[in-house]
$ cat structure-v7.txt   # compact mmCIF, C-alpha atoms
# COMPACT_ATOMS: atom_id res chain seq x y z
CA MET A 1160 -191.79 -22.70 -228.52
CA ALA A 1161 -191.17 -25.38 -225.93
CA PHE A 1162 -188.44 -27.89 -226.84
CA GLU A 1163 -186.58 -25.30 -228.94
CA GLY A 1164 -183.28 -25.95 -227.16
CA LEU A 1165 -183.85 -29.71 -227.14
CA THR A 1166 -184.60 -29.70 -230.88
CA GLU A 1167 -181.40 -27.79 -231.63
CA LYS A 1168 -179.21 -30.18 -229.64
CA ILE A 1169 -180.77 -33.36 -231.02
CA SER A 1170 -180.64 -32.00 -234.58
CA ALA A 1171 -176.93 -31.23 -234.13
CA THR A 1172 -176.32 -34.79 -232.91
CA PHE A 1173 -178.11 -36.23 -235.94
CA ARG A 1174 -176.11 -34.00 -238.30
CA ARG A 1175 -172.89 -35.42 -236.86
CA LEU A 1176 -174.18 -38.97 -237.31
CA ARG A 1177 -175.08 -38.32 -240.95
CA GLY A 1178 -171.60 -36.94 -241.57
CA LYS A 1179 -169.95 -40.18 -240.48
CA GLY A 1180 -171.57 -42.43 -243.08
CA ARG A 1181 -171.00 -45.93 -241.69
CA LEU A 1182 -171.43 -46.06 -237.92
CA LYS A 1183 -169.79 -48.05 -235.16
CA GLU A 1184 -171.31 -48.98 -231.84
CA SER A 1185 -169.16 -46.33 -230.17
CA ASP A 1186 -170.70 -43.66 -232.46
CA VAL A 1187 -174.18 -44.68 -231.38
CA LYS A 1188 -173.30 -44.63 -227.69
CA GLU A 1189 -171.70 -41.19 -228.03
CA ALA A 1190 -174.85 -39.91 -229.75
CA MET A 1191 -177.02 -41.38 -226.98
CA ARG A 1192 -174.89 -39.62 -224.36
CA GLU A 1193 -175.50 -36.32 -226.15
CA ILE A 1194 -179.23 -36.99 -226.38
CA ARG A 1195 -179.32 -37.98 -222.70
CA MET A 1196 -177.71 -34.67 -221.71
CA ALA A 1197 -180.08 -32.75 -223.98
CA LEU A 1198 -183.11 -34.42 -222.37
CA LEU A 1199 -181.85 -33.75 -218.85
CA GLU A 1200 -181.23 -30.10 -219.72
CA ALA A 1201 -184.82 -29.97 -221.00
CA ASP A 1202 -185.89 -30.93 -217.45
CA VAL A 1203 -187.03 -34.43 -218.35
CA SER A 1204 -187.18 -36.81 -215.37
CA TYR A 1205 -183.86 -38.63 -214.79
CA LYS A 1206 -185.53 -42.05 -214.62
CA VAL A 1207 -187.47 -41.34 -217.82
CA VAL A 1208 -184.26 -40.27 -219.59
CA LYS A 1209 -182.39 -43.35 -218.35
CA ASP A 1210 -185.11 -45.76 -219.52
CA PHE A 1211 -185.54 -43.94 -222.83
CA THR A 1212 -181.87 -43.88 -223.82
CA LYS A 1213 -181.45 -47.51 -222.74
CA SER A 1214 -184.34 -48.58 -224.96
CA VAL A 1215 -183.09 -46.54 -227.93
CA THR A 1216 -179.50 -47.77 -227.55
CA GLU A 1217 -180.57 -51.42 -227.44
CA ARG A 1218 -182.44 -50.99 -230.71
CA CYS A 1219 -179.74 -48.88 -232.39
CA VAL A 1220 -176.73 -51.14 -231.81
CA GLY A 1221 -178.36 -54.02 -233.63
CA VAL A 1222 -176.82 -55.43 -236.82
CA ASP A 1223 -179.79 -54.28 -238.91
CA VAL A 1224 -179.04 -50.65 -238.02
CA LEU A 1225 -175.25 -50.50 -238.04
CA GLU A 1226 -174.94 -52.47 -241.27
CA SER A 1227 -177.74 -50.69 -243.13
CA LEU A 1228 -176.94 -48.34 -246.00
CA THR A 1229 -178.34 -45.36 -244.06
CA PRO A 1230 -177.67 -46.08 -240.37
CA ALA A 1231 -178.15 -42.45 -239.31
CA GLN A 1232 -181.64 -42.39 -240.84
CA MET A 1233 -182.47 -45.68 -239.10
CA ILE A 1234 -181.40 -44.21 -235.76
CA ILE A 1235 -183.54 -41.10 -236.31
CA LYS A 1236 -186.48 -43.38 -237.09
CA ILE A 1237 -185.93 -45.34 -233.89
CA VAL A 1238 -185.60 -42.19 -231.75
CA ASN A 1239 -188.80 -40.86 -233.32
CA GLU A 1240 -190.68 -44.07 -232.56
CA GLU A 1241 -189.42 -44.21 -228.97
CA LEU A 1242 -190.29 -40.54 -228.35
CA THR A 1243 -193.79 -41.16 -229.67
CA LYS A 1244 -194.12 -44.20 -227.42
CA LEU A 1245 -192.84 -42.20 -224.45
CA MET A 1246 -195.61 -39.62 -224.90
CA GLY A 1247 -198.38 -42.16 -225.37
CA SER A 1248 -198.26 -43.39 -228.99
CA ASP A 1249 -201.83 -42.52 -230.01
CA ALA A 1250 -203.90 -39.35 -229.65
CA LYS A 1251 -206.71 -39.77 -227.13
CA HIS A 1252 -210.01 -37.94 -226.81
CA ILE A 1253 -212.38 -37.29 -223.92
CA THR A 1254 -214.28 -40.37 -222.76
CA ILE A 1255 -217.87 -39.65 -223.78
CA ASN A 1256 -220.77 -40.93 -221.65
CA PRO A 1257 -223.36 -42.34 -224.10
CA ASN A 1258 -226.14 -41.75 -221.58
CA GLY A 1259 -225.01 -38.15 -220.93
CA PRO A 1260 -224.10 -35.74 -219.71
CA THR A 1261 -220.34 -36.37 -219.89
CA VAL A 1262 -218.82 -34.93 -216.71
CA VAL A 1263 -215.21 -33.71 -216.89
CA MET A 1264 -213.63 -32.75 -213.57
CA LEU A 1265 -210.75 -30.30 -214.04
CA VAL A 1266 -208.11 -30.39 -211.30
CA GLY A 1267 -204.68 -28.88 -210.81
CA LEU A 1268 -202.45 -26.56 -208.83
CA GLN A 1269 -203.18 -22.86 -208.61
CA GLY A 1270 -201.56 -20.97 -211.45
CA ALA A 1271 -201.56 -23.88 -213.89
CA GLY A 1272 -204.21 -22.16 -216.01
CA LYS A 1273 -207.04 -24.51 -215.06
CA THR A 1274 -209.92 -22.04 -215.37
CA THR A 1275 -208.82 -20.55 -218.69
CA ASN A 1276 -207.78 -23.83 -220.30
CA GLY A 1277 -210.83 -25.65 -218.99
CA SER A 1278 -212.88 -22.97 -220.74
CA LYS A 1279 -210.79 -23.47 -223.89
CA LEU A 1280 -211.59 -27.17 -223.79
CA ALA A 1281 -215.30 -26.47 -223.40
CA GLY A 1282 -215.05 -24.06 -226.34
CA LEU A 1283 -213.35 -26.72 -228.45
CA MET A 1284 -216.15 -29.17 -227.63
CA LYS A 1285 -218.75 -26.57 -228.59
CA ARG A 1286 -217.04 -26.06 -231.96
CA GLN A 1287 -217.25 -29.84 -232.41
CA GLY A 1288 -221.02 -29.76 -231.98
CA LYS A 1289 -221.39 -30.34 -228.24
CA ASN A 1290 -223.52 -28.30 -225.82
CA PRO A 1291 -221.22 -27.76 -222.82
CA LEU A 1292 -221.86 -26.24 -219.41
CA LEU A 1293 -219.12 -24.66 -217.27
CA VAL A 1294 -219.45 -25.06 -213.50
CA ALA A 1295 -217.77 -22.80 -210.91
CA CYS A 1296 -216.57 -25.02 -208.05
CA ASP A 1297 -213.67 -22.80 -206.94
CA ILE A 1298 -215.06 -20.68 -204.11
CA TYR A 1299 -211.71 -19.79 -202.56
CA ARG A 1300 -209.60 -17.95 -205.12
CA PRO A 1301 -210.65 -14.29 -205.43
CA ALA A 1302 -212.48 -13.59 -208.70
CA ALA A 1303 -212.31 -17.25 -209.80
CA ILE A 1304 -216.05 -17.34 -210.49
CA THR A 1305 -215.89 -13.98 -212.28
CA GLN A 1306 -213.02 -15.22 -214.46
CA LEU A 1307 -214.98 -18.32 -215.44
CA LYS A 1308 -218.06 -16.23 -216.28
CA VAL A 1309 -215.98 -13.88 -218.46
CA CYS A 1310 -214.54 -16.87 -220.35
CA GLY A 1311 -217.99 -18.41 -220.71
CA GLU A 1312 -219.45 -15.18 -222.05
CA LYS A 1313 -216.70 -14.84 -224.67
CA LEU A 1314 -217.22 -18.43 -225.79
CA GLY A 1315 -221.01 -18.32 -225.65
CA ILE A 1316 -221.11 -21.07 -223.00
CA PRO A 1317 -223.36 -20.78 -219.91
CA VAL A 1318 -221.77 -20.90 -216.47
CA PHE A 1319 -223.47 -22.59 -213.51
CA GLU A 1320 -222.52 -21.04 -210.15
CA ARG A 1321 -223.91 -20.90 -206.64
CA GLY A 1322 -221.57 -18.37 -205.07
CA THR A 1323 -219.82 -19.63 -201.94
CA GLN A 1324 -222.06 -22.66 -201.55
CA SER A 1325 -220.28 -25.97 -200.91
CA PRO A 1326 -218.49 -27.01 -204.16
CA ILE A 1327 -219.78 -30.55 -203.62
CA ASP A 1328 -223.41 -29.39 -203.61
CA THR A 1329 -222.77 -27.07 -206.56
CA ALA A 1330 -221.31 -29.93 -208.60
CA LYS A 1331 -224.29 -32.21 -207.88
CA GLU A 1332 -226.81 -29.48 -208.72
CA ALA A 1333 -224.94 -28.63 -211.91
CA VAL A 1334 -225.07 -32.19 -213.24
CA LEU A 1335 -228.82 -32.35 -212.55
CA TYR A 1336 -229.26 -28.92 -214.19
CA ALA A 1337 -227.31 -30.05 -217.26
CA ARG A 1338 -229.43 -33.19 -217.62
CA GLN A 1339 -232.64 -31.16 -217.41
CA ARG A 1340 -231.47 -28.45 -219.83
CA GLY A 1341 -229.97 -30.70 -222.49
CA HIS A 1342 -226.27 -30.00 -221.87
CA ASP A 1343 -224.33 -33.06 -223.02
CA MET A 1344 -221.02 -32.03 -221.38
CA VAL A 1345 -220.25 -30.59 -217.94
CA PHE A 1346 -216.87 -29.10 -217.04
CA LEU A 1347 -216.24 -28.71 -213.30
CA ASP A 1348 -213.69 -25.97 -212.54
CA THR A 1349 -212.45 -27.04 -209.10
CA ALA A 1350 -210.27 -25.18 -206.63
CA GLY A 1351 -206.49 -25.26 -206.86
CA ARG A 1352 -203.77 -24.69 -204.28
CA LEU A 1353 -200.20 -23.46 -204.35
CA HIS A 1354 -199.19 -26.99 -203.40
CA VAL A 1355 -200.86 -30.36 -202.89
CA ASP A 1356 -202.47 -30.60 -199.45
CA GLU A 1357 -204.83 -33.00 -197.70
CA VAL A 1358 -207.70 -30.50 -197.32
CA LEU A 1359 -207.74 -29.83 -201.07
CA MET A 1360 -207.58 -33.50 -201.95
CA ASP A 1361 -210.38 -34.43 -199.52
CA GLU A 1362 -212.65 -31.87 -201.18
CA LEU A 1363 -211.77 -33.14 -204.66
CA LYS A 1364 -212.34 -36.74 -203.56
CA SER A 1365 -215.76 -35.74 -202.18
CA ILE A 1366 -216.72 -34.10 -205.49
CA LYS A 1367 -215.53 -37.20 -207.33
CA ALA A 1368 -217.67 -39.44 -205.08
CA ALA A 1369 -220.70 -37.15 -205.43
CA VAL A 1370 -220.86 -36.81 -209.24
CA LYS A 1371 -218.78 -39.77 -210.43
CA PRO A 1372 -217.09 -37.86 -213.30
CA ASP A 1373 -216.48 -39.67 -216.57
CA GLU A 1374 -213.03 -38.11 -216.70
CA ILE A 1375 -210.73 -36.42 -214.20
CA MET A 1376 -208.39 -34.22 -216.18
CA LEU A 1377 -205.29 -32.78 -214.56
CA VAL A 1378 -204.21 -29.39 -215.90
CA VAL A 1379 -200.43 -29.04 -215.76
CA ASP A 1380 -198.22 -26.02 -216.52
CA ALA A 1381 -195.56 -27.25 -218.95
CA MET A 1382 -193.25 -24.40 -217.93
CA THR A 1383 -192.83 -25.70 -214.37
CA GLY A 1384 -190.79 -28.73 -215.44
CA GLN A 1385 -190.22 -31.31 -212.71
CA ASP A 1386 -192.66 -29.53 -210.39
CA ALA A 1387 -195.38 -30.30 -212.91
CA VAL A 1388 -194.38 -33.97 -212.95
CA ASN A 1389 -194.34 -34.16 -209.14
CA ALA A 1390 -197.79 -32.54 -208.99
CA ALA A 1391 -199.11 -34.98 -211.59
CA GLN A 1392 -197.81 -37.89 -209.57
CA SER A 1393 -199.45 -36.61 -206.36
CA PHE A 1394 -202.82 -35.91 -207.99
CA ASN A 1395 -202.78 -39.34 -209.60
CA GLU A 1396 -202.08 -41.05 -206.26
CA TRP A 1397 -204.95 -39.21 -204.56
CA LEU A 1398 -207.57 -39.13 -207.31
CA ASP A 1399 -206.54 -41.70 -209.93
CA ILE A 1400 -206.72 -39.15 -212.75
CA ASP A 1401 -207.75 -40.18 -216.27
CA ALA A 1402 -205.90 -37.68 -218.43
CA VAL A 1403 -203.61 -34.66 -218.56
CA MET A 1404 -203.86 -31.29 -220.29
CA LEU A 1405 -200.60 -29.39 -220.74
CA THR A 1406 -200.78 -25.59 -220.71
CA LYS A 1407 -198.31 -22.96 -221.95
CA LEU A 1408 -196.78 -25.36 -224.44
CA ASP A 1409 -196.16 -22.33 -226.64
CA GLY A 1410 -193.79 -20.83 -224.07
CA ASP A 1411 -190.00 -20.85 -224.13
CA ALA A 1412 -189.71 -23.37 -221.31
CA ARG A 1413 -187.64 -26.49 -221.65
CA GLY A 1414 -190.79 -28.61 -222.00
CA GLY A 1415 -189.61 -31.65 -220.06
CA ALA A 1416 -193.04 -32.11 -218.47
CA ALA A 1417 -194.51 -33.26 -221.79
CA LEU A 1418 -191.92 -36.03 -222.01
CA SER A 1419 -192.14 -37.06 -218.35
CA VAL A 1420 -195.75 -36.84 -217.21
CA ARG A 1421 -197.04 -39.73 -219.35
CA ALA A 1422 -194.25 -42.05 -218.23
CA VAL A 1423 -194.61 -41.11 -214.55
CA THR A 1424 -198.42 -41.28 -214.27
CA GLY A 1425 -199.23 -43.76 -217.02
CA LYS A 1426 -202.07 -41.44 -218.03
CA PRO A 1427 -202.36 -39.92 -221.53
CA ILE A 1428 -201.83 -36.28 -222.42
CA LYS A 1429 -205.03 -35.46 -224.31
CA PHE A 1430 -204.92 -31.71 -224.94
CA ALA A 1431 -202.42 -28.86 -225.03
CA GLY A 1432 -202.86 -25.13 -224.51
CA ILE A 1433 -200.80 -23.39 -227.19
CA GLY A 1434 -201.48 -19.68 -226.74
CA GLU A 1435 -203.29 -16.97 -224.83
CA LYS A 1436 -206.49 -16.83 -226.90
CA LEU A 1437 -209.51 -18.93 -225.94
CA GLU A 1438 -209.22 -20.72 -229.30
CA ASP A 1439 -205.60 -21.72 -228.64
CA ILE A 1440 -206.04 -25.35 -227.72
CA GLU A 1441 -205.43 -28.54 -229.68
CA GLN A 1442 -205.60 -32.26 -229.24
CA PHE A 1443 -202.23 -33.68 -228.25
CA HIS A 1444 -200.72 -35.98 -230.89
CA PRO A 1445 -197.63 -37.81 -229.56
CA ASP A 1446 -196.38 -38.70 -233.05
CA ARG A 1447 -196.64 -35.10 -234.27
CA MET A 1448 -194.95 -33.75 -231.14
CA ALA A 1449 -192.10 -36.24 -231.55
CA SER A 1450 -191.60 -35.07 -235.14
CA ARG A 1451 -191.48 -31.45 -234.01
CA ILE A 1452 -188.96 -32.23 -231.28
CA LEU A 1453 -186.73 -33.92 -233.84
CA GLY A 1454 -186.98 -30.94 -236.21
CA MET A 1455 -189.07 -32.89 -238.70
CA GLY A 1456 -192.00 -30.48 -238.64
CA ASP A 1457 -195.69 -31.10 -238.08
CA VAL A 1458 -197.34 -30.91 -241.47
CA LEU A 1459 -200.62 -32.52 -240.39
CA THR A 1460 -201.30 -29.86 -237.76
CA LEU A 1461 -200.34 -27.16 -240.26
CA ILE A 1462 -202.85 -28.60 -242.75
CA GLU A 1463 -205.57 -28.66 -240.08
CA LYS A 1464 -204.91 -25.01 -239.27
CA ALA A 1465 -205.08 -24.14 -242.98
CA GLU A 1466 -208.40 -25.98 -243.31
CA LYS A 1467 -209.85 -24.00 -240.39
CA ALA A 1468 -208.65 -20.72 -241.89
CA PHE A 1469 -209.88 -21.67 -245.38
CA ASP A 1470 -212.86 -19.63 -246.59
CA ALA A 1471 -214.47 -21.53 -249.48
CA LYS A 1472 -216.43 -18.52 -250.75
CA LYS A 1473 -213.41 -16.23 -250.85
CA ALA A 1474 -211.34 -19.01 -252.43
CA ALA A 1475 -213.92 -19.35 -255.22
CA GLU A 1476 -213.89 -15.59 -255.78
CA LEU A 1477 -210.08 -15.58 -255.83
CA GLU A 1478 -209.99 -18.39 -258.38
CA GLU A 1479 -212.43 -16.53 -260.62
CA HIS A 1480 -210.33 -13.35 -260.37
CA LEU A 1481 -207.19 -15.29 -261.21
CA ARG A 1482 -208.85 -16.94 -264.18
CA SER A 1483 -209.78 -13.54 -265.54
CA ASN A 1484 -206.45 -11.99 -264.47
CA LYS A 1485 -208.15 -9.57 -262.06
CA PHE A 1486 -206.22 -10.21 -258.85
CA THR A 1487 -206.67 -7.12 -256.65
CA LEU A 1488 -205.26 -5.70 -253.45
CA GLN A 1489 -208.51 -6.70 -251.75
CA ASP A 1490 -207.86 -10.32 -252.79
CA TYR A 1491 -204.36 -10.07 -251.38
CA TYR A 1492 -205.66 -8.59 -248.12
CA ASP A 1493 -208.14 -11.49 -247.76
CA GLN A 1494 -205.26 -13.95 -248.18
CA LEU A 1495 -203.23 -12.17 -245.49
CA VAL A 1496 -206.13 -12.34 -243.03
CA GLN A 1497 -206.57 -16.08 -243.61
CA MET A 1498 -202.86 -16.69 -243.17
CA LYS A 1499 -202.73 -14.69 -239.93
CA SER A 1500 -205.48 -16.86 -238.47
CA MET A 1501 -203.11 -19.84 -238.76
CA GLY A 1502 -200.69 -18.27 -236.26
CA SER A 1503 -197.43 -16.38 -236.42
CA MET A 1504 -194.89 -16.99 -239.17
CA GLU A 1505 -192.54 -18.50 -236.58
CA GLU A 1506 -195.21 -21.03 -235.60
CA ILE A 1507 -195.89 -21.92 -239.22
CA LEU A 1508 -192.17 -22.34 -239.95
CA ALA A 1509 -191.76 -24.59 -236.90
CA GLN A 1510 -194.34 -26.97 -238.38
CA ILE A 1511 -192.63 -27.21 -241.77
CA PRO A 1512 -190.06 -30.03 -242.09
CA GLY A 1513 -186.64 -28.45 -241.66
CA GLY A 1514 -188.21 -25.26 -240.32
CA ALA A 1515 -186.33 -25.68 -237.05
CA GLY A 1516 -183.13 -25.08 -238.98
CA LEU A 1517 -184.32 -21.60 -239.91
CA LYS A 1518 -183.93 -20.30 -236.38
CA GLY A 1519 -181.62 -17.52 -237.56
CA VAL A 1520 -184.16 -16.27 -240.09
CA LYS A 1521 -185.87 -13.16 -238.76
CA ILE A 1522 -189.46 -12.67 -239.87
CA ASP A 1523 -190.78 -9.19 -239.30
CA GLU A 1524 -194.43 -9.63 -238.33
CA LYS A 1525 -194.73 -5.82 -238.36
CA THR A 1526 -194.31 -5.92 -242.14
CA MET A 1527 -197.59 -7.80 -242.46
CA ALA A 1528 -199.28 -5.36 -240.10
CA ARG A 1529 -198.01 -2.38 -242.15
CA THR A 1530 -199.21 -4.00 -245.37
CA GLU A 1531 -202.66 -4.50 -243.87
CA ALA A 1532 -202.77 -0.92 -242.59
CA ILE A 1533 -201.82 0.48 -246.02
CA ILE A 1534 -204.48 -1.57 -247.84
CA LEU A 1535 -207.16 -0.69 -245.28
CA SER A 1536 -206.34 3.01 -245.71
CA MET A 1537 -207.27 2.76 -249.39
CA THR A 1538 -210.76 3.24 -250.73
CA PRO A 1539 -212.52 0.20 -252.27
CA LYS A 1540 -211.97 1.76 -255.69
CA GLU A 1541 -208.22 2.11 -255.05
CA ARG A 1542 -207.96 -1.51 -253.94
CA GLU A 1543 -209.67 -2.64 -257.12
CA ASN A 1544 -207.55 -0.42 -259.36
CA PRO A 1545 -204.20 0.67 -257.84
CA ASN A 1546 -203.33 2.48 -261.09
CA ILE A 1547 -205.42 5.48 -260.00
CA ILE A 1548 -203.25 6.02 -256.91
CA ALA A 1549 -201.34 9.20 -257.74
CA ALA A 1550 -199.08 11.31 -255.49
CA SER A 1551 -201.90 13.00 -253.54
CA ARG A 1552 -203.62 9.68 -252.86
CA LYS A 1553 -200.32 8.14 -251.74
CA LYS A 1554 -199.86 10.92 -249.19
CA ARG A 1555 -203.36 10.37 -247.85
CA ILE A 1556 -202.88 6.58 -247.64
CA ALA A 1557 -199.49 6.98 -245.92
CA ALA A 1558 -200.94 9.40 -243.37
CA GLY A 1559 -203.92 7.13 -242.73
CA SER A 1560 -201.79 4.04 -242.17
CA GLY A 1561 -198.99 5.72 -240.21
CA VAL A 1562 -196.25 4.90 -242.73
CA LYS A 1563 -194.11 6.79 -245.19
CA VAL A 1564 -194.98 7.39 -248.84
CA GLU A 1565 -191.98 5.18 -249.68
CA ASP A 1566 -193.72 2.26 -247.97
CA VAL A 1567 -196.82 2.79 -250.08
CA ASN A 1568 -194.67 2.91 -253.23
CA ARG A 1569 -192.93 -0.31 -252.20
CA LEU A 1570 -196.26 -2.06 -251.74
CA LEU A 1571 -197.58 -0.90 -255.11
CA LYS A 1572 -194.38 -1.89 -256.88
CA SER A 1573 -194.39 -5.36 -255.34
CA PHE A 1574 -198.06 -5.79 -256.16
CA GLU A 1575 -197.37 -4.87 -259.77
CA GLN A 1576 -194.68 -7.56 -259.90
CA MET A 1577 -197.10 -10.06 -258.41
CA GLN A 1578 -199.69 -9.26 -261.08
CA LYS A 1579 -197.09 -9.97 -263.77
CA LEU A 1580 -196.40 -13.31 -262.09
CA ILE A 1581 -200.11 -14.15 -262.04
CA LYS A 1582 -200.36 -13.65 -265.79
CA GLN A 1583 -198.16 -16.71 -266.15
CA PHE A 1584 -200.86 -18.77 -264.43
CA SER A 1585 -203.75 -17.55 -266.56
CA GLY A 1586 -204.90 -19.18 -269.78
CA PRO A 1587 -204.91 -22.92 -270.65
CA GLY A 1588 -204.33 -25.35 -267.79
CA MET A 1589 -205.42 -22.79 -265.20
CA GLY A 1590 -207.19 -25.44 -263.10
CA LYS A 1591 -204.06 -27.54 -262.58
CA LYS A 1592 -201.96 -24.47 -261.88
CA MET A 1593 -204.51 -23.26 -259.31
CA LYS A 1594 -204.37 -26.60 -257.53
CA ARG A 1595 -200.60 -26.32 -257.28
CA MET A 1596 -200.90 -22.78 -255.94
CA LYS A 1597 -203.56 -23.80 -253.39
CA SER A 1598 -201.35 -26.61 -252.14
CA PHE A 1599 -198.89 -23.89 -251.10
CA GLY A 1600 -201.57 -21.80 -249.38
CA GLY A 1601 -202.58 -19.56 -252.28
CA PHE A 1602 -200.84 -16.21 -252.25
CA GLY A 1603 -200.64 -16.17 -248.46
CA GLY A 1604 -197.04 -17.27 -248.90
CA PHE A 1605 -196.09 -13.64 -249.54
CA PRO A 1606 -196.12 -12.35 -245.92
CA GLY A 1607 -195.31 -8.74 -246.60
CA PHE A 1608 -194.27 -6.40 -249.39

$ encode --input "structure-v7.txt" --output "C-alpha cells"
Amino acid sequence: MAFEGLTEKISATFRRLRGKGRLKESDVKEAMREIRMALLEADVSYKVVKDFTKSVTERCVGVDVLESLTPAQMIIKIVNEELTKLMGSDAKHITINPNGPTVVMLVGLQGAGKTTNGSKLAGLMKRQGKNPLLVACDIYRPAAITQLKVCGEKLGIPVFERGTQSPIDTAKEAVLYARQRGHDMVFLDTAGRLHVDEVLMDELKSIKAAVKPDEIMLVVDAMTGQDAVNAAQSFNEWLDIDAVMLTKLDGDARGGAALSVRAVTGKPIKFAGIGEKLEDIEQFHPDRMASRILGMGDVLTLIEKAEKAFDAKKAAELEEHLRSNKFTLQDYYDQLVQMKSMGSMEEILAQIPGGAGLKGVKIDEKTMARTEAIILSMTPKERENPNIIAASRKKRIAAGSGVKVEDVNRLLKSFEQMQKLIKQFSGPGMGKKMKRMKSFGGFGGFPGF
C-alpha cells in the first residue's frame, strides 16, 4: 500500500516519544525533524512539508501539550488533525446538477488511468442508483474508444461515441442524447497527453465552454509523486478544475501526491482508485487516510466493506445452523467467499488499528485458495457430512483439488476442532453470543486451515 514507508517511520517516531514519558520542547522539535524527513522521502512537496511541520510544531510546544499527563498522545492527536486538514478535512462528493444531467469532465495526463478510473466512477454512481452515460472524447490514443466500450460493457453502462468526429461536437451531442434518454449523469473521457501542452488544453477549454460541465475532475496517478502534483497545478491553472481523483493508491509508491495535491491546488480529492478491478474505487476520506498513515487503522472503511460483502440470507441460514449445531463445510466456504470479497488479508490488516505493526506477519493467501479448492472438490453430501469421507474419497478430493491427501486431512481435522468450538456457543444465550461473533466477521476470521 501507498504510505507504507511513511507509516513505519512516523510510527517509530511516536514510539520513541511514548518511551520518554514527560517531553521537553527539544524532544518535540527532534520528532518534527524526523517526521519532516519521512514526508520528504515520501515525495511530499517541500513547501507542503515545511508548512505542515511548522503548524504542528507551533501547536505541540504549547504548555497544554508538554505539561499534560500524556504528551505523546496529545502530539499524535495534533499530527492526525493536521494531516486530515492537509488532505481536505471532509469527504466531498460529486456536485449534482438538480436539473440534470450532471456532466463530469474527466481530464488528466496519458497513463494516469483516466479511462479505466472514469469508468469505475461511473460504475460506482450506477451502484448508488444513478443512470450514467460514458462518452468517448479521446480520438487520438489508439484503442481508447474500444477500451471505454469494454469497460462500459462490463459495468452495464452505455457508451456514446462518434468515432473520430470532433470531441467538442461529440460532447455536445452526448449531453443532448443523455437528456433525451433519461441519463442523469454524463462522464466525458477526454484525451490525455504525455505532458501538458497548449493544443491539449485548448481542446479541453473548448469542451468546457461547449458543455459547461458541473465538475471537472482531474485524474492523477499517485505513483508519479511530484510529477502528479506539477500536472495538477498546470491543469488547475488552465481549466480551474473542481476535484481530483487519485489512482493506483494501492501501489507501493511513496504516496506523496495525496498529501500535496490538495495543498497545491486547493481542490479536494474526492475519489481514489484502490485496485485493478472495475469495482476498486472508493470515496476519499481525509480523516480515514490520516489514521491509516499514522498506523491507527481505518475501521470505518473496513466496516463498509464488510457491509457490502454481507449476505443477509446466508447469514440467517448460518445462524440457524449454529443454533442447531449443524455448521457445515458449505457454511465455512460461504464465509470464506464473503471475506475474500472484502480484499486481501494484507488490506484488511492494514485497516485494523495497530495492523501496520504486523508488517512482518506473513499471510499465505494460497492457503485460502487451497481450502476453497478442497471444499469445491467435495460432493454436496460430503460437505454436509465430512464423517463419510474415507480414504478413497480423500484421494479423489486431493486429486480434484491439486493437493496432497495430508492437506485434506489437515482441513478435516481443523474443521472438527472448529465444530467443537461451536458447541460452546450453542444453547442458552445463543443470540448474544452470535452478535459477538458477527461483530468479528462471523467465522471468516479463520482464513485457512

$ atom_distance --input "structure-v7.txt" --atom1 "atom CA of Gln1442 of chain A" --atom2 "atom CA of His1252 of chain A"
7.6 Å

$ closest_residue --input "structure-v7.txt" --among "A:Asn1290, A:Thr1212, A:Gln1392, A:Ser1325" --to "Val1379 of chain A" --atoms "only C-alpha atoms"
A:Gln1392

$ atom_distance --input "structure-v7.txt" --atom1 "atom CA of Val1370 of chain A" --atom2 "atom CA of Gly1259 of chain A"
12.5 Å

$ residues_near_point --input "structure-v7.txt" --point "(-206.3, -7.5, -245.6)" --cutoff "9 Å" --atoms "all atoms listed in the file" --output "short mmCIF file (atom, residue, chain, number, x, y, z; two decimals) with C-alpha atoms, in the frame of the given file"
data_model
loop_
_atom_site.label_atom_id
_atom_site.label_comp_id
_atom_site.auth_asym_id
_atom_site.auth_seq_id
_atom_site.Cartn_x
_atom_site.Cartn_y
_atom_site.Cartn_z
CA LEU A 1488 -205.26 -5.70 -253.45
CA GLN A 1489 -208.51 -6.70 -251.75
CA ASP A 1490 -207.86 -10.32 -252.79
CA TYR A 1491 -204.36 -10.07 -251.38
CA TYR A 1492 -205.66 -8.59 -248.12
CA ASP A 1493 -208.14 -11.49 -247.76
CA GLN A 1494 -205.26 -13.95 -248.18
CA LEU A 1495 -203.23 -12.17 -245.49
CA VAL A 1496 -206.13 -12.34 -243.03
CA GLN A 1497 -206.57 -16.08 -243.61
CA THR A 1530 -199.21 -4.00 -245.37
CA GLU A 1531 -202.66 -4.50 -243.87
CA ALA A 1532 -202.77 -0.92 -242.59
CA ILE A 1534 -204.48 -1.57 -247.84
CA LEU A 1535 -207.16 -0.69 -245.28
#

$ atom_distance --input "structure-v7.txt" --atom1 "atom CA of Leu1453 of chain A" --atom2 "atom CA of Leu1242 of chain A"
9.3 Å

$ closest_residue --input "structure-v7.txt" --among "A:Arg1542, A:Arg1175, A:Lys1429, A:Lys1367" --to "Phe1443 of chain A" --atoms "all atoms listed in the file"
A:Lys1429

$ closest_residue --input "structure-v7.txt" --among "A:Leu1377, A:Ile1237, A:Ile1194, A:Ala1387" --to "Asp1401 of chain A" --atoms "all atoms listed in the file"
A:Leu1377

$ closest_residue --input "structure-v7.txt" --among "A:Ala1197, A:Met1376, A:Leu1437, A:Ala1190" --to "Thr1254 of chain A" --atoms "all atoms listed in the file"
A:Met1376

$ closest_residue --input "structure-v7.txt" --among "A:Gln1324, A:Ser1536, A:Ser1450, A:Ser1419" --to "Ala1557 of chain A" --atoms "only C-alpha atoms"
A:Ser1536
